[in-house]
Structure formats: structure tokens, C-alpha cells
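Reading through the C-alpha cells given below for one structure.
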Amino acid sequence: MKILICGDIVGKSGRQVVQEQVPILIKNKKIDFVIVNGENAANGFGITKKICNDLYSSGVDVITSGNHIWDQKEIIEHIECDKRLLRPCNYPIGTPGLGYGAYELKNGSTVIVINVMCRLFMDIIDDPFKSVDEILSFIEKKFSNAIIILDIHGESTSEKMALAHFFDGRVTAVVGTHTHIPTADQHILEKGTFYQTDLGMCGDYDSVIGMKKSLSIQKFTNKFLKSRLETASGEGTLCGVLIEINNETKIISGFNQVIIGGKLNPN
Ligand SMILES: [Fe+2]
Ligand SMILES: [Fe+2]
């Protein structure tokens, strides 16, 4: 079976390229399951109920997120009733929404998606190693042959690699999100887990990580100005990875980086 996983959707440019390309990819590549990170889908800041529903309509199955998940106030209520929208699992007890979900496919397989956030250069949050380990211990008792995808949302490449090696062999794939820059380190780890440090963003790359260049430069050069960033609105690039998994063994049988549209070299 084939799973497409896309990086952070940034603003309208990101939504457009995802909503255009995902249905084509599903049809042409016979994709069974689609995961996107939607933390910047609403003008760079969070996600709304309408955007979630638009993404589901275009073929997205699960939306992961990260530090920007709470930027739109309405999401606090919505995330409680949308089991396909995930927030990092290592927020403190009592945080609305779910950090992981199990999804049954028509072909009989179960895909479990876990979202976790790193701590280096990021907000203070519970230990990502411990939080995911607890979830996996529970999952391993309940599901015997599930495909497990772990979205690690983090700034630091070292923390992401350490997490990936820590869970190597216990999950099917570990993919990084948050930096908005795709890395070229897709490979299979020692115990069989697929790994990529960052999927990159779905958005306009003629920007500073999806935001208008001039406003971002101003933020770095004029610390006294309280300018709010705005998303760049040029043609978006879809960035992600397509992984192929053997239906019986649940072992990765192939993977390809996916880069379509906009400024980046297609792949
Ligand atoms: Fe992001
Ligand atoms: Fe983020």
C-alpha cells in the first residue's frame, strides 16, 4: 500500500497546490492514505474547521499539526470533535484534542498516526521520547500489525534524528515537519523504519519559510517594529514523501520524495 505524507501547508498557496495535486496523485499513483501537516494552513497561523473539511474533500485522511495549532481560536472547540485532526501528543494532560489516532482502511489495514513536538529551540512541553513511548506501549498491546506513522514537529535536526533512532523498528516511518525546508536524507534506519528529517512545506518558496520576504526581513532587521508576518502568495510547491509498504509484512518496500510545482526542482 502507498501513503503520501506532506509537510506543513502554508497559507492559500499551500492549500491550492495540495488541493490540486493530491487528487491527481491519489489517482495516478494509487495512493491509499494521505497525511498532511496543516499547522500553517490559515494564513500561516493555525487551521480552521473549513480548511480541514476542504482538505478532507480533496482526499486528505489525517491532518497533523504543531506549535501553531492553537493560533485560530475556533480550533479549540473543533479539535474535540474532529478525530482526523491531531495536535502534538506531548501537550500537558487536559489539552483539547488527540495526539494520535487509529484509522481503518478499506483494504483491511490499520494506519496509526502519532504527532509529537520536539523541545530544542521550541516551547516547553512534555518529554517527546516518553510521551511517544507510552502511546506505543499501549498501541503494541492493542494492534498487532498496524502501520505506524510518526510526525515529529521540531526545529533541531539532532533531536529529530535521536527520536527516529529511539523508535527505530517500533514504527513504520518517522517524518519531520516544522522547518518548512525539505531535507534529502530519506533512508531506512537500521531496524527498518523509514526516516526523513523534514518533509518541507507546501507553500510558496519565493519567501522566508512561506512568509512574505520583505516583512520577514523587516522583522529581523528592525526589532522595534511590531510587523505581523503575511504568507507569500505565489505559486505553491507541494513537498512530501510517498512511501510504499508491503501489505502483509508491513515492511517499507520503497519511497520517493515528492516535490511538485512552484520554485523548487520537481522530484
Ligand atoms: Fe510550520
Ligand atoms: Fe511548527
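Identifiers in the C-alpha cells: chain A, B, ... in order shown; residue index from 1 per chain; ligand index from 1 in order shown.
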
>> List as a ChimeraX atom specification the protein and nucleic acid residues lying within 10 Å of ligand 1, with only C-alpha atoms and all ligand atoms counted.
In response: /A:7-10,37-41,44-46,65-69,153-155,177-181,200-202,209-210

> Looking only at the backbone, which of the residues in region 14-252 of chain A does DSSP tag as alpha helix (DSSP H), as a ChimeraX atom specification?
Replying inline: /A:14-29,49-57,75-78,128-142,157-166,213-221

Find the spatial neighbours of Gly254 (chain A), counting only C-alpha atoms, within a cut-off of 10 Å - ignore same-chain residues fewer than 5 positions away - and output them as a PDB file with N, CA, C and O atoms, in the first residue's frame.
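To be explicit, this is the file written out as result.pdb:
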ATOM      1  N   LYS A   2       0.244   2.358  -0.419  1.00  0.00           N
ATOM      2  CA  LYS A   2       1.029   3.594  -0.564  1.00  0.00           C
ATOM      3  C   LYS A   2       0.468   4.699   0.318  1.00  0.00           C
ATOM      4  O   LYS A   2      -0.742   4.911   0.352  1.00  0.00           O
ATOM      5  N   HIS A 187      15.931   7.700   4.179  1.00  0.00           N
ATOM      6  CA  HIS A 187      16.571   6.383   4.187  1.00  0.00           C
ATOM      7  C   HIS A 187      15.873   5.472   5.181  1.00  0.00           C
ATOM      8  O   HIS A 187      15.027   5.920   5.968  1.00  0.00           O
ATOM      9  N   ILE A 188      16.252   4.191   5.123  1.00  0.00           N
ATOM     10  CA  ILE A 188      15.709   3.221   6.060  1.00  0.00           C
ATOM     11  C   ILE A 188      16.720   3.041   7.189  1.00  0.00           C
ATOM     12  O   ILE A 188      17.895   2.760   6.945  1.00  0.00           O
ATOM     13  N   PHE A 194      11.424   3.938   8.121  1.00  0.00           N
ATOM     14  CA  PHE A 194      11.755   4.992   7.158  1.00  0.00           C
ATOM     15  C   PHE A 194      11.967   6.286   7.923  1.00  0.00           C
ATOM     16  O   PHE A 194      11.264   6.573   8.884  1.00  0.00           O
ATOM     17  N   LEU A 242       6.362   9.834  -0.651  1.00  0.00           N
ATOM     18  CA  LEU A 242       5.438   8.738  -0.939  1.00  0.00           C
ATOM     19  C   LEU A 242       6.132   7.450  -0.512  1.00  0.00           C
ATOM     20  O   LEU A 242       7.199   7.114  -1.035  1.00  0.00           O
ATOM     21  N   ILE A 243       5.549   6.781   0.475  1.00  0.00           N
ATOM     22  CA  ILE A 243       6.168   5.532   0.927  1.00  0.00           C
ATOM     23  C   ILE A 243       5.283   4.351   0.560  1.00  0.00           C
ATOM     24  O   ILE A 243       4.061   4.436   0.582  1.00  0.00           O
ATOM     25  N   GLU A 244       5.937   3.272   0.189  1.00  0.00           N
ATOM     26  CA  GLU A 244       5.236   2.056  -0.208  1.00  0.00           C
ATOM     27  C   GLU A 244       5.506   0.984   0.857  1.00  0.00           C
ATOM     28  O   GLU A 244       6.649   0.796   1.277  1.00  0.00           O
ATOM     29  N   ILE A 245       4.436   0.336   1.281  1.00  0.00           N
ATOM     30  CA  ILE A 245       4.558  -0.634   2.384  1.00  0.00           C
ATOM     31  C   ILE A 245       3.973  -1.973   1.940  1.00  0.00           C
ATOM     32  O   ILE A 245       2.880  -2.014   1.366  1.00  0.00           O
ATOM     33  N   ASN A 246       4.682  -3.042   2.225  1.00  0.00           N
ATOM     34  CA  ASN A 246       4.171  -4.380   1.912  1.00  0.00           C
ATOM     35  C   ASN A 246       2.961  -4.679   2.795  1.00  0.00           C
ATOM     36  O   ASN A 246       3.051  -4.586   4.024  1.00  0.00           O
TER      37      ASN A 246
END

>> Between CA of Gly236 (chain A) and CA of Leu85 (chain A), what distance in Å does the model show, to one decimal?
In response: 22.6 Å
